[in-house]
$ cat my_file_1.txt   # compact mmCIF, C-alpha atoms and all ligand atoms
# COMPACT_ATOMS: atom_id res chain seq x y z
CA MET A 1 0.00 0.00 0.00
CA LYS A 2 1.24 3.50 -0.79
CA ALA A 3 2.25 5.79 2.06
CA LEU A 4 -0.77 8.05 1.53
CA GLU A 5 -3.24 5.18 1.78
CA GLN A 6 -1.43 3.82 4.85
CA ASP A 7 -1.67 7.20 6.58
CA ILE A 8 -5.33 7.50 5.66
CA ARG A 9 -6.07 3.97 6.85
CA LYS A 10 -4.55 4.86 10.25
CA GLU A 11 -6.72 7.96 10.49
CA LEU A 12 -9.86 6.05 9.52
CA ASP A 13 -9.03 3.27 12.01
CA SER A 14 -8.67 5.84 14.77
CA LEU A 15 -12.18 7.14 13.97
CA GLN A 16 -13.48 3.58 14.13
CA ASP A 17 -11.68 2.97 17.46
CA ALA A 18 -13.12 6.17 18.92
CA GLY A 19 -16.61 5.16 17.82
CA THR A 20 -16.90 8.37 15.79
CA TYR A 21 -16.79 6.91 12.30
CA LYS A 22 -19.85 8.03 10.33
CA ARG A 23 -21.89 5.64 8.25
CA PHE A 24 -24.43 6.87 5.76
CA ASN A 25 -28.06 5.94 6.07
CA VAL A 26 -29.58 5.50 2.63
CA LEU A 27 -33.13 6.68 2.00
CA SER A 28 -35.36 5.49 -0.80
CA SER A 29 -38.38 7.73 -0.24
CA PRO A 30 -38.85 11.51 -0.13
CA GLN A 31 -37.85 13.37 3.00
CA GLY A 32 -40.85 13.42 5.34
CA PRO A 33 -42.06 12.57 8.84
CA VAL A 34 -41.42 8.90 8.01
CA VAL A 35 -38.87 7.69 5.47
CA GLU A 36 -37.90 4.35 3.98
CA MET A 37 -34.35 3.54 5.07
CA ALA A 38 -32.25 0.81 3.48
CA GLY A 39 -32.04 -2.21 5.74
CA ARG A 40 -34.45 -0.78 8.30
CA GLY A 41 -37.75 -0.06 6.63
CA GLU A 42 -39.84 2.87 7.81
CA VAL A 43 -38.34 5.16 10.41
CA ILE A 44 -39.61 8.38 12.02
CA VAL A 45 -37.34 11.33 11.16
CA LEU A 46 -36.42 13.74 13.97
CA SER A 47 -33.21 14.69 12.30
CA SER A 48 -33.79 16.56 9.07
CA ASN A 49 -33.89 20.24 8.21
CA ASN A 50 -37.27 19.72 6.57
CA TYR A 51 -38.75 22.07 9.16
CA LEU A 52 -41.95 22.91 7.30
CA GLY A 53 -42.38 19.59 5.52
CA LEU A 54 -41.97 21.28 2.13
CA ALA A 55 -39.37 18.87 0.69
CA ALA A 56 -42.16 16.68 -0.65
CA HIS A 57 -44.88 19.32 -0.97
CA PRO A 58 -46.75 18.79 -4.27
CA ALA A 59 -46.39 22.45 -5.32
CA VAL A 60 -42.64 22.39 -4.64
CA ILE A 61 -42.18 19.14 -6.61
CA GLU A 62 -44.36 20.32 -9.51
CA ALA A 63 -42.51 23.63 -9.74
CA GLY A 64 -39.22 21.72 -9.99
CA ILE A 65 -40.56 19.42 -12.71
CA GLU A 66 -41.94 22.36 -14.66
CA GLY A 67 -38.63 24.19 -14.21
CA LEU A 68 -36.73 21.18 -15.52
CA ARG A 69 -38.98 21.03 -18.60
CA THR A 70 -38.81 24.74 -19.28
CA TYR A 71 -35.16 25.49 -18.51
CA GLY A 72 -33.39 22.14 -18.76
CA ALA A 73 -31.02 20.46 -16.36
CA GLY A 74 -28.94 23.46 -15.41
CA THR A 75 -27.30 26.75 -16.27
CA ALA A 76 -24.11 25.44 -17.90
CA SER A 77 -22.67 28.79 -16.97
CA VAL A 78 -21.89 31.18 -14.14
CA ARG A 79 -24.42 33.96 -13.63
CA PHE A 80 -22.54 36.77 -15.38
CA ILE A 81 -21.75 34.86 -18.57
CA CYS A 82 -24.99 33.21 -19.64
CA GLY A 83 -26.23 31.53 -16.47
CA THR A 84 -28.95 33.95 -15.31
CA PHE A 85 -32.46 32.60 -15.87
CA ALA A 86 -35.83 34.21 -15.18
CA PRO A 87 -36.51 32.09 -12.04
CA HIS A 88 -33.28 33.34 -10.42
CA LEU A 89 -34.58 36.90 -10.55
CA GLU A 90 -38.08 35.96 -9.44
CA LEU A 91 -36.72 33.94 -6.51
CA GLU A 92 -34.37 36.76 -5.49
CA ARG A 93 -37.23 39.30 -5.58
CA GLU A 94 -39.34 37.12 -3.30
CA LEU A 95 -36.44 36.35 -0.94
CA ALA A 96 -35.82 40.09 -0.61
CA GLU A 97 -39.51 40.65 0.15
CA LEU A 98 -39.49 37.86 2.72
CA SER A 99 -36.38 39.33 4.35
CA GLU A 100 -37.63 42.93 4.02
CA THR A 101 -34.45 43.98 2.25
CA GLU A 102 -33.93 45.88 -1.01
CA ALA A 103 -32.36 42.97 -2.84
CA ALA A 104 -31.21 39.36 -2.64
CA LEU A 105 -28.71 37.25 -4.54
CA SER A 106 -28.78 33.46 -4.80
CA TYR A 107 -25.88 31.02 -4.50
CA VAL A 108 -25.66 27.25 -4.84
CA SER A 109 -25.53 26.94 -1.04
CA CYS A 110 -25.48 29.08 2.06
CA TRP A 111 -21.94 27.79 2.54
CA ASN A 112 -21.13 29.58 -0.71
CA ALA A 113 -23.17 32.65 0.25
CA ASN A 114 -21.13 33.08 3.44
CA GLU A 115 -17.85 32.45 1.63
CA ALA A 116 -18.96 35.08 -0.88
CA ALA A 117 -20.28 37.79 1.40
CA ILE A 118 -17.76 37.77 4.24
CA PRO A 119 -14.46 38.02 2.32
CA THR A 120 -16.03 40.56 -0.06
CA LEU A 121 -17.28 42.82 2.71
CA ALA A 122 -14.11 42.57 4.79
CA ASP A 123 -11.61 44.94 3.20
CA ALA A 124 -8.01 45.30 4.36
CA GLN A 125 -8.99 47.87 7.01
CA THR A 126 -11.90 45.84 8.42
CA VAL A 127 -12.09 44.20 11.83
CA ILE A 128 -14.17 41.00 11.81
CA VAL A 129 -15.88 40.18 15.10
CA SER A 130 -17.37 36.68 15.19
CA ASP A 131 -19.27 34.55 17.75
CA GLU A 132 -17.23 31.48 18.74
CA LEU A 133 -20.09 29.08 17.96
CA ASN A 134 -20.82 30.37 14.48
CA HIS A 135 -21.38 27.78 11.77
CA ALA A 136 -18.36 26.22 10.05
CA SER A 137 -19.17 28.09 6.83
CA ILE A 138 -18.73 31.42 8.65
CA ILE A 139 -15.51 30.19 10.26
CA ASP A 140 -14.13 29.14 6.89
CA ALA A 141 -15.32 32.37 5.28
CA VAL A 142 -13.38 34.29 7.95
CA ARG A 143 -10.32 32.12 7.18
CA LEU A 144 -10.62 33.17 3.53
CA SER A 145 -10.93 36.87 4.41
CA LYS A 146 -8.02 39.26 4.63
CA PRO A 147 -9.15 41.94 7.08
CA GLU A 148 -6.87 43.92 9.38
CA ARG A 149 -7.93 41.87 12.43
CA LYS A 150 -10.12 38.89 13.29
CA LEU A 151 -11.67 38.75 16.76
CA VAL A 152 -13.77 35.96 18.24
CA TYR A 153 -16.09 36.59 21.21
CA LYS A 154 -17.37 34.01 23.68
CA HIS A 155 -20.74 32.63 22.62
CA SER A 156 -23.39 35.37 22.94
CA ASP A 157 -21.20 37.28 25.43
CA MET A 158 -22.24 40.87 24.84
CA GLY A 159 -19.52 42.18 27.19
CA GLU A 160 -16.84 40.58 25.03
CA LEU A 161 -18.52 41.86 21.88
CA ARG A 162 -18.57 45.41 23.33
CA ASP A 163 -14.88 45.16 24.28
CA ALA A 164 -13.98 43.86 20.83
CA LEU A 165 -15.82 46.73 19.14
CA GLY A 166 -14.31 49.21 21.60
CA SER A 167 -10.82 48.05 20.58
CA CYS A 168 -11.39 49.17 16.98
CA GLU A 169 -10.37 52.52 15.60
CA LYS A 170 -12.95 55.14 14.72
CA GLY A 171 -13.92 55.05 11.09
CA GLN A 172 -12.64 51.53 10.67
CA ARG A 173 -15.11 49.03 9.12
CA LYS A 174 -16.32 46.57 11.74
CA LEU A 175 -18.17 43.46 10.65
CA ILE A 176 -20.10 41.50 13.30
CA LEU A 177 -20.89 37.93 12.27
CA THR A 178 -23.46 35.74 13.97
CA ASP A 179 -25.72 32.79 13.35
CA GLY A 180 -29.38 33.72 13.88
CA VAL A 181 -30.15 30.31 15.37
CA PHE A 182 -27.05 28.44 16.52
CA SER A 183 -27.16 25.10 14.81
CA MET A 184 -25.76 22.90 17.56
CA GLU A 185 -27.28 24.72 20.56
CA GLY A 186 -30.64 25.73 19.13
CA ASP A 187 -30.46 29.11 20.89
CA LEU A 188 -31.00 32.50 19.25
CA ALA A 189 -28.44 35.26 18.81
CA LYS A 190 -29.07 38.21 21.15
CA LEU A 191 -29.99 40.25 18.15
CA PRO A 192 -31.46 43.38 19.81
CA ASP A 193 -28.28 43.75 21.92
CA ILE A 194 -26.05 43.08 18.92
CA LEU A 195 -27.88 45.72 16.88
CA GLU A 196 -27.64 48.25 19.69
CA LEU A 197 -23.89 47.67 20.05
CA ALA A 198 -23.52 47.88 16.28
CA ARG A 199 -25.28 51.27 16.26
CA GLU A 200 -23.12 52.54 19.14
CA HIS A 201 -19.92 51.49 17.38
CA ASP A 202 -21.01 52.08 13.80
CA ALA A 203 -20.56 48.40 12.92
CA ILE A 204 -22.12 46.25 10.19
CA VAL A 205 -24.11 43.16 11.23
CA LEU A 206 -24.28 39.97 9.17
CA VAL A 207 -26.71 37.31 10.40
CA ASP A 208 -26.79 33.79 8.95
CA ASP A 209 -30.35 32.70 9.64
CA SER A 210 -30.26 29.30 7.97
CA HIS A 211 -32.02 27.58 10.89
CA GLY A 212 -34.29 30.55 11.60
CA VAL A 213 -36.01 31.29 8.29
CA GLY A 214 -39.25 29.34 8.02
CA VAL A 215 -38.91 28.43 11.68
CA VAL A 216 -38.69 31.42 14.01
CA GLY A 217 -41.09 34.37 14.15
CA GLU A 218 -44.86 34.22 13.92
CA THR A 219 -44.84 33.90 10.14
CA GLY A 220 -41.44 32.23 9.82
CA ARG A 221 -39.42 35.22 8.66
CA GLY A 222 -36.64 34.30 11.04
CA VAL A 223 -34.89 35.91 13.98
CA VAL A 224 -35.48 39.38 12.56
CA GLU A 225 -39.22 38.81 12.86
CA HIS A 226 -38.92 37.11 16.26
CA PHE A 227 -37.16 40.15 17.70
CA GLY A 228 -39.22 42.73 15.78
CA VAL A 229 -36.21 44.03 13.83
CA LEU A 230 -37.22 43.22 10.25
CA GLY A 231 -35.25 45.38 7.84
CA GLN A 232 -32.70 46.41 10.48
CA VAL A 233 -29.93 43.86 9.85
CA ASP A 234 -27.38 44.99 7.24
CA VAL A 235 -26.77 41.60 5.66
CA LEU A 236 -28.78 38.39 6.01
CA THR A 237 -27.65 35.04 4.66
CA GLY A 238 -29.83 31.96 4.51
CA THR A 239 -30.25 28.55 2.98
CA LEU A 240 -32.80 27.06 0.61
CA GLY A 241 -31.75 23.61 1.83
CA LYS A 242 -33.71 23.55 5.07
CA ALA A 243 -37.21 25.01 5.66
CA LEU A 244 -37.46 26.50 2.15
CA GLY A 245 -37.90 23.24 0.28
CA GLY A 246 -34.80 21.41 1.40
CA ALA A 247 -33.21 21.04 -2.05
CA ALA A 248 -30.09 23.19 -2.04
CA GLY A 249 -29.08 26.79 -2.48
CA GLY A 250 -28.43 29.85 -0.41
CA TYR A 251 -28.76 33.59 -0.59
CA VAL A 252 -27.63 36.95 0.64
CA ALA A 253 -30.36 39.52 1.34
CA SER A 254 -29.22 43.11 1.77
CA THR A 255 -29.11 46.48 0.02
CA GLU A 256 -28.92 46.93 -3.77
CA GLU A 257 -25.31 48.05 -3.37
CA VAL A 258 -24.20 45.03 -1.33
CA CYS A 259 -25.88 42.58 -3.72
CA ASP A 260 -24.46 44.40 -6.73
CA LEU A 261 -20.95 44.31 -5.27
CA LEU A 262 -21.32 40.59 -4.59
CA GLN A 263 -22.37 40.05 -8.20
CA GLN A 264 -19.28 41.94 -9.33
CA ARG A 265 -16.73 40.63 -6.89
CA SER A 266 -17.68 37.54 -4.89
CA ARG A 267 -15.68 34.56 -6.08
CA PRO A 268 -18.33 31.80 -5.80
CA GLN A 269 -20.57 34.00 -7.94
CA LEU A 270 -17.88 34.66 -10.55
CA PHE A 271 -16.25 31.24 -10.78
CA SER A 272 -18.97 28.67 -10.13
CA ASN A 273 -22.16 27.75 -11.96
CA ALA A 274 -25.39 29.38 -10.85
CA LEU A 275 -28.15 27.65 -8.90
CA PRO A 276 -29.92 25.20 -11.27
CA PRO A 277 -33.18 26.84 -12.45
CA THR A 278 -35.15 23.77 -11.42
CA VAL A 279 -33.95 24.26 -7.84
CA ALA A 280 -34.75 27.98 -8.04
CA CYS A 281 -38.28 27.08 -9.19
CA SER A 282 -38.80 24.66 -6.29
CA ALA A 283 -37.42 27.14 -3.77
CA LEU A 284 -39.67 29.88 -5.14
CA ALA A 285 -42.69 27.61 -4.71
CA ALA A 286 -41.54 26.86 -1.14
CA VAL A 287 -41.29 30.58 -0.32
CA ARG A 288 -44.80 31.06 -1.67
CA VAL A 289 -46.18 28.17 0.41
CA LEU A 290 -44.51 29.63 3.50
CA ARG A 291 -46.14 33.00 2.88
CA ALA A 292 -49.55 31.56 2.02
CA GLU A 293 -49.71 29.01 4.85
CA PRO A 294 -48.45 30.53 8.12
CA GLU A 295 -50.31 27.71 9.89
CA ARG A 296 -47.37 25.46 8.97
CA VAL A 297 -45.10 27.63 11.08
CA ALA A 298 -47.65 27.55 13.91
CA ARG A 299 -47.70 23.72 13.70
CA LEU A 300 -43.92 23.60 13.83
CA HIS A 301 -43.96 25.83 16.93
CA GLU A 302 -46.61 23.66 18.57
CA ASN A 303 -44.73 20.41 17.78
CA THR A 304 -41.54 21.88 19.19
CA ARG A 305 -43.25 23.09 22.38
CA TRP A 306 -44.96 19.72 22.86
CA PHE A 307 -41.87 17.55 22.31
CA ARG A 308 -39.58 19.71 24.43
CA ALA A 309 -42.08 19.66 27.32
CA ALA A 310 -42.65 15.90 26.94
CA LEU A 311 -38.89 15.23 27.04
CA ARG A 312 -38.59 17.29 30.22
CA GLU A 313 -41.52 15.55 31.83
CA ALA A 314 -39.89 12.20 31.02
CA GLY A 315 -36.74 13.28 32.86
CA PHE A 316 -34.49 14.44 30.01
CA ASP A 317 -32.77 17.80 30.21
CA PRO A 318 -32.85 19.37 26.73
CA LEU A 319 -31.09 22.71 26.24
CA PRO A 320 -33.58 25.58 26.40
CA GLY A 321 -34.38 27.44 23.20
CA GLU A 322 -37.03 28.86 20.93
CA ALA A 323 -36.04 27.32 17.60
CA ALA A 324 -36.88 23.84 16.29
CA ILE A 325 -33.53 22.36 17.40
CA ILE A 326 -33.67 20.46 20.69
CA PRO A 327 -30.23 19.18 21.78
CA ILE A 328 -29.76 16.75 24.67
CA ILE A 329 -26.18 16.76 25.96
CA VAL A 330 -24.89 13.26 26.72
CA GLY A 331 -21.12 13.75 27.21
CA GLU A 332 -18.75 11.65 25.13
CA THR A 333 -19.00 11.39 21.35
CA ALA A 334 -19.18 7.60 21.35
CA ARG A 335 -22.17 7.79 23.74
CA ALA A 336 -24.07 10.13 21.44
CA ILE A 337 -23.44 7.85 18.49
CA GLU A 338 -24.46 4.77 20.48
CA LEU A 339 -27.70 6.42 21.64
CA SER A 340 -28.63 7.51 18.14
CA GLN A 341 -27.92 3.97 16.96
CA LYS A 342 -30.23 2.51 19.62
CA LEU A 343 -32.96 4.99 18.73
CA LEU A 344 -32.61 4.04 15.09
CA GLU A 345 -32.81 0.33 15.87
CA ARG A 346 -36.24 1.10 17.31
CA GLY A 347 -37.29 3.16 14.31
CA VAL A 348 -36.48 6.74 15.36
CA PHE A 349 -33.88 8.61 13.34
CA VAL A 350 -31.99 11.20 15.43
CA THR A 351 -28.38 12.12 14.81
CA GLY A 352 -25.69 12.14 17.47
CA PHE A 353 -23.06 14.88 17.19
CA GLY A 354 -19.66 14.84 18.79
CA TYR A 355 -16.16 16.24 18.45
CA PRO A 356 -15.08 18.02 16.23
CA VAL A 357 -18.57 19.31 15.36
CA VAL A 358 -19.10 20.27 19.02
CA PRO A 359 -16.49 20.69 21.79
CA GLU A 360 -15.07 17.58 23.46
CA GLY A 361 -17.29 16.32 26.31
CA THR A 362 -20.45 18.05 25.05
CA ALA A 363 -21.60 15.44 22.55
CA ARG A 364 -25.32 15.48 22.04
CA ILE A 365 -28.26 13.99 20.30
CA ARG A 366 -29.92 16.73 18.32
CA VAL A 367 -33.66 16.51 17.79
CA GLN A 368 -35.06 18.63 14.97
CA MET A 369 -38.78 19.20 14.76
CA SER A 370 -40.90 19.40 11.64
CA ALA A 371 -44.39 20.66 10.91
CA ALA A 372 -44.87 17.40 8.99
CA LEU A 373 -44.74 15.30 12.17
CA GLU A 374 -48.15 14.19 13.42
CA PRO A 375 -49.01 13.49 17.08
CA VAL A 376 -48.75 9.75 16.40
CA HIS A 377 -45.10 10.16 15.32
CA LEU A 378 -44.23 12.38 18.25
CA GLU A 379 -45.85 10.06 20.80
CA ARG A 380 -44.09 6.98 19.38
CA ALA A 381 -40.75 8.83 19.26
CA LEU A 382 -41.16 9.83 22.90
CA GLU A 383 -41.84 6.21 23.93
CA VAL A 384 -38.64 5.14 22.20
CA PHE A 385 -36.64 7.97 23.80
CA VAL A 386 -37.80 6.83 27.23
CA GLU A 387 -36.97 3.16 26.53
CA VAL A 388 -33.49 3.99 25.23
CA GLY A 389 -32.92 6.60 27.96
CA ARG A 390 -33.67 4.01 30.68
CA GLU A 391 -31.61 1.28 29.04
CA SER A 392 -28.55 3.49 28.65
CA GLY A 393 -28.73 4.99 32.13
CA LEU A 394 -29.51 8.49 30.88
CA LEU A 395 -32.84 8.29 32.70
CA THR A 396 -33.02 6.74 36.13
C1 LIG B 401 -26.00 28.31 10.18
C2 LIG B 401 -25.75 27.58 8.90
N1 LIG B 401 -25.22 28.25 7.87
C3 LIG B 401 -24.98 27.64 6.69
C4 LIG B 401 -25.26 26.32 6.50
C5 LIG B 401 -24.95 25.69 5.18
O1 LIG B 401 -26.10 25.69 4.41
P1 LIG B 401 -26.07 25.02 2.97
O2 LIG B 401 -26.45 23.59 3.16
O3 LIG B 401 -27.07 25.80 2.18
O4 LIG B 401 -24.69 25.19 2.45
C6 LIG B 401 -25.82 25.58 7.53
C7 LIG B 401 -26.13 24.16 7.32
O5 LIG B 401 -25.97 23.31 8.13
C8 LIG B 401 -26.06 26.22 8.77
O6 LIG B 401 -26.56 25.54 9.80
$ encode --input "my_file_1.txt" --output "structure tokens" --more "lines below"
Ligand SMILES: Cc1ncc(COP(=O)(O)O)c(C=O)c1O
Amino acid sequence: MKALEQDIRKELDSLQDAGTYKRFNVLSSPQGPVVEMAGRGEVIVLSSNNYLGLAAHPAVIEAGIEGLRTYGAGTASVRFICGTFAPHLELERELAELSETEAALSYVSCWNANEAAIPTLADAQTVIVSDELNHASIIDAVRLSKPERKLVYKHSDMGELRDALGSCEKGQRKLILTDGVFSMEGDLAKLPDILELAREHDAIVLVDDSHGVGVVGETGRGVVEHFGVLGQVDVLTGTLGKALGGAAGGYVASTEEVCDLLQQRSRPQLFSNALPPTVACSALAAVRVLRAEPERVARLHENTRWFRAALREAGFDPLPGEAAIIPIIVGETARAIELSQKLLERGVFVTGFGYPVVPEGTARIRVQMSAALEPVHLERALEVFVEVGRESGLLT
């Protein structure tokens, strides 16, 4: 065996030994409250980003099929050459309306959107100030940026954020970066405080609300709606791969000038094919369903409230939060993986997360709610949680 393969084999073996090696579960039905999983049959899903149940919504599917017929398989081009299709513009208009911003610009993922927006907005005089628990795509986007300084503040610690901003020079561009809903904790950014500090220090705020849009706020417009600050965040980024249809894609919503600059300068926009029109069509249909059917958001809120309370009553200690992510901390990574395996053996699909996704010793099983889940699914899932919790010693 070549040296490279030998080194890789050692690394893979160490993942196996630590019990952290990931195996893929293969699905053969659409994403939904129950899916068909290879080798297991039907399982209840408490682990997808299909927050509103739109991944298999007939209007979303039909829009994609129609888009495929009308525009073909893809763009075969980046946006600025010949890859801009009518549905891109329509989608961007509706995303801007949803976000209450002047404009929006789509990308093939929110990962791309963050890697586009952050390095483009951080010029050589900028200070970037970022929450320590921000999503990996923000962390990598910061790595790609070349600002004057990069500062990281303790998670949601407004004192540290104030000190970081206070250490900047007057007139210097300051870019605060935060998740709207933190993906591993399920808690919300302290957005009103962040906005107040930003005003005091003349800083720009970028919020990635991938887990908030479609989920948080009375009508699902995200953390900006939840906190009553629609239209007040300078730059929003979000995904089309979660509540908004679950296919793929991301976007930046901001001013005309910011979106125009990103079209001119951001590298994922300039050097990578545009979002396939079929995906844009599906996402557009998903945005329309969200706006026309706010009762889906209400159902998601009700499911989340019910399941969180039921877990507590059963003796679990989920982290508090207002989003649809309900993490239960279990300690070591191998334990989280073992628990999720036991849940799956009994037909409930919940993912365990450990190091390096979350810090060592804080491994967790992360429940994600969906409006598509019916009481019968939630009640069965709870029964299984209690059985597995007792068996593994998590519940006494
Ligand atoms: C906060 C946050 N930002 C960005 C992303 C990446 O989104 P996408 O799948 O569209 O690249 C995720 C996905 O997990 C996320 O949780």
$ closest_residue --input "my_file_1.txt" --among "A:Glu374, A:Asp140, A:Glu160, A:Asp317" --to "ligand LIG 401 (chain B)" --atoms "only C-alpha atoms and all ligand atoms"
A:Asp140
$ residues_near_ligand --input "my_file_1.txt" --ligand "ligand LIG 401 (chain B)" --cutoff "9 Å" --atoms "only C-alpha atoms and all ligand atoms" --output "VMD selection string"
chain A and resid 49 107 to 114 134 to 138 178 to 184 208 to 212 237 to 242 246 to 251
$ closest_residue --input "my_file_1.txt" --among "A:Gln232, A:Asn303, A:Thr219, A:Ser47" --to "A:Leu195" --atoms "all atoms listed in the file"
A:Gln232
$ closest_residue --input "my_file_1.txt" --among "A:Glu185, A:Glu338, A:Glu332, A:Glu5" --to "A:Gly361" --atoms "only C-alpha atoms"
A:Glu332
$ closest_residue --input "my_file_1.txt" --among "A:Pro33, A:Gly217, A:Gly228, A:Gly245" --to "A:Ala323" --atoms "only C-alpha atoms"
A:Gly217
$ residues_around --input "my_file_1.txt" --residues "A:Val142" --least-positions-apart "6" --cutoff "9 Å" --atoms "all atoms listed in the file" --output "list of chain:residue names"
A:Glu115, A:Ile118, A:Pro119, A:Ala122, A:Ile128, A:Ser130, A:Lys150
$ residues_around --input "my_file_1.txt" --residues "A:Ala76" --least-positions-apart "3" --cutoff "9 Å" --atoms "all atoms listed in the file" --output "mmCIF file with C-alpha atoms, keeping the file's coordinate frame"
data_model
loop_
_atom_site.group_PDB
_atom_site.id
_atom_site.type_symbol
_atom_site.label_atom_id
_atom_site.label_comp_id
_atom_site.auth_asym_id
_atom_site.auth_seq_id
_atom_site.Cartn_x
_atom_site.Cartn_y
_atom_site.Cartn_z
ATOM 1 C CA ALA A 73 -31.020 20.460 -16.360
ATOM 2 C CA CYS A 82 -24.990 33.210 -19.640
ATOM 3 C CA GLY A 83 -26.230 31.530 -16.470
ATOM 4 C CA ASN A 273 -22.160 27.750 -11.960
ATOM 5 C CA ALA A 274 -25.390 29.380 -10.850
ATOM 6 C CA PRO A 276 -29.920 25.200 -11.270
#
$ closest_residue --input "my_file_1.txt" --among "A:Ser282, A:Ser106, A:Gln368, A:Thr333" --to "A:Glu92" --atoms "all atoms listed in the file"
A:Ser106
$ closest_residue --input "my_file_1.txt" --among "A:Gly354, A:Gly331, A:Gly222, A:Gly32" --to "A:Leu191" --atoms "all atoms listed in the file"
A:Gly222
$ residues_near_point --input "my_file_1.txt" --point "(-4.3, 44.0, 6.2)" --cutoff "8 Å" --atoms "all atoms listed in the file" --output "number ranges by chain"
A: 123-125, 146-149
$ atom_distance --input "my_file_1.txt" --atom1 "atom CA of A:Leu12" --atom2 "atom CA of A:Leu27"
24.5 Å
$ atom_distance --input "my_file_1.txt" --atom1 "atom CA of A:Leu144" --atom2 "atom CA of A:Glu256"
24.0 Å
$ residues_around --input "my_file_1.txt" --residues "A:Pro30" --least-positions-apart "4" --cutoff "12 Å" --atoms "all atoms listed in the file" --output "PyMOL selection string"
chain A and resi 26+34-37+42+45+48+50+53-58+61+245-247
$ write_last_selection --input "my_file_1.txt" --atoms "C-alpha atoms" --output "tab-separated table (two decimals), keeping the file's coordinate frame"
chain	number	residue	atom	x	y	z
A	26	VAL	CA	-29.58	5.50	2.63
A	34	VAL	CA	-41.42	8.90	8.01
A	35	VAL	CA	-38.87	7.69	5.47
A	36	GLU	CA	-37.90	4.35	3.98
A	37	MET	CA	-34.35	3.54	5.07
A	42	GLU	CA	-39.84	2.87	7.81
A	45	VAL	CA	-37.34	11.33	11.16
A	48	SER	CA	-33.79	16.56	9.07
A	50	ASN	CA	-37.27	19.72	6.57
A	53	GLY	CA	-42.38	19.59	5.52
A	54	LEU	CA	-41.97	21.28	2.13
A	55	ALA	CA	-39.37	18.87	0.69
A	56	ALA	CA	-42.16	16.68	-0.65
A	57	HIS	CA	-44.88	19.32	-0.97
A	58	PRO	CA	-46.75	18.79	-4.27
A	61	ILE	CA	-42.18	19.14	-6.61
A	245	GLY	CA	-37.90	23.24	0.28
A	246	GLY	CA	-34.80	21.41	1.40
A	247	ALA	CA	-33.21	21.04	-2.05
$ residues_near_point --input "my_file_1.txt" --point "(-35.8, 47.4, 1.4)" --cutoff "10 Å" --atoms "all atoms listed in the file" --output "list in words"
Ala96, Glu97, Ser99, Glu100, Thr101, Glu102, Ala103, Leu230, Gly231, Gln232, Ala253, Ser254, Thr255 and Glu256 of chain A
$ atom_distance --input "my_file_1.txt" --atom1 "atom CA of A:Arg23" --atom2 "atom CA of A:Arg380"
24.9 Å
$ residues_around --input "my_file_1.txt" --residues "A:Gly67" --least-positions-apart "6" --cutoff "8 Å" --atoms "only C-alpha atoms" --output "ChimeraX atom specification"
/A:277-279,281-282
$ decode --input "my_file_1.txt" --residues "stretch 97-105 of chain A" --atoms "N, CA, C and O atoms" --output "compact mmCIF listing (two decimals), in the first residue's frame"
# COMPACT_ATOMS: atom_id res chain seq x y z
N GLU A 97 -38.24 40.27 -0.50
CA GLU A 97 -39.51 40.65 0.15
C GLU A 97 -39.67 39.95 1.49
O GLU A 97 -40.04 40.55 2.48
N LEU A 98 -39.37 38.64 1.49
CA LEU A 98 -39.49 37.86 2.72
C LEU A 98 -38.57 38.42 3.81
O LEU A 98 -38.92 38.45 4.98
N SER A 99 -37.38 38.85 3.39
CA SER A 99 -36.38 39.33 4.35
C SER A 99 -36.55 40.81 4.66
O SER A 99 -35.86 41.35 5.52
N GLU A 100 -37.45 41.47 3.95
CA GLU A 100 -37.63 42.93 4.02
C GLU A 100 -36.32 43.67 3.76
O GLU A 100 -35.90 44.52 4.54
N THR A 101 -35.67 43.28 2.68
CA THR A 101 -34.45 43.98 2.25
C THR A 101 -34.67 44.48 0.82
O THR A 101 -35.62 44.07 0.15
N GLU A 102 -33.77 45.34 0.35
CA GLU A 102 -33.93 45.88 -1.01
C GLU A 102 -33.71 44.83 -2.08
O GLU A 102 -34.33 44.85 -3.14
N ALA A 103 -32.77 43.91 -1.78
CA ALA A 103 -32.36 42.97 -2.84
C ALA A 103 -31.93 41.65 -2.22
O ALA A 103 -31.75 41.55 -1.00
N ALA A 104 -31.77 40.66 -3.08
CA ALA A 104 -31.21 39.36 -2.64
C ALA A 104 -30.45 38.77 -3.82
O ALA A 104 -30.70 39.13 -4.99
N LEU A 105 -29.52 37.90 -3.50
CA LEU A 105 -28.71 37.25 -4.54
C LEU A 105 -28.55 35.78 -4.16
O LEU A 105 -28.19 35.47 -3.02
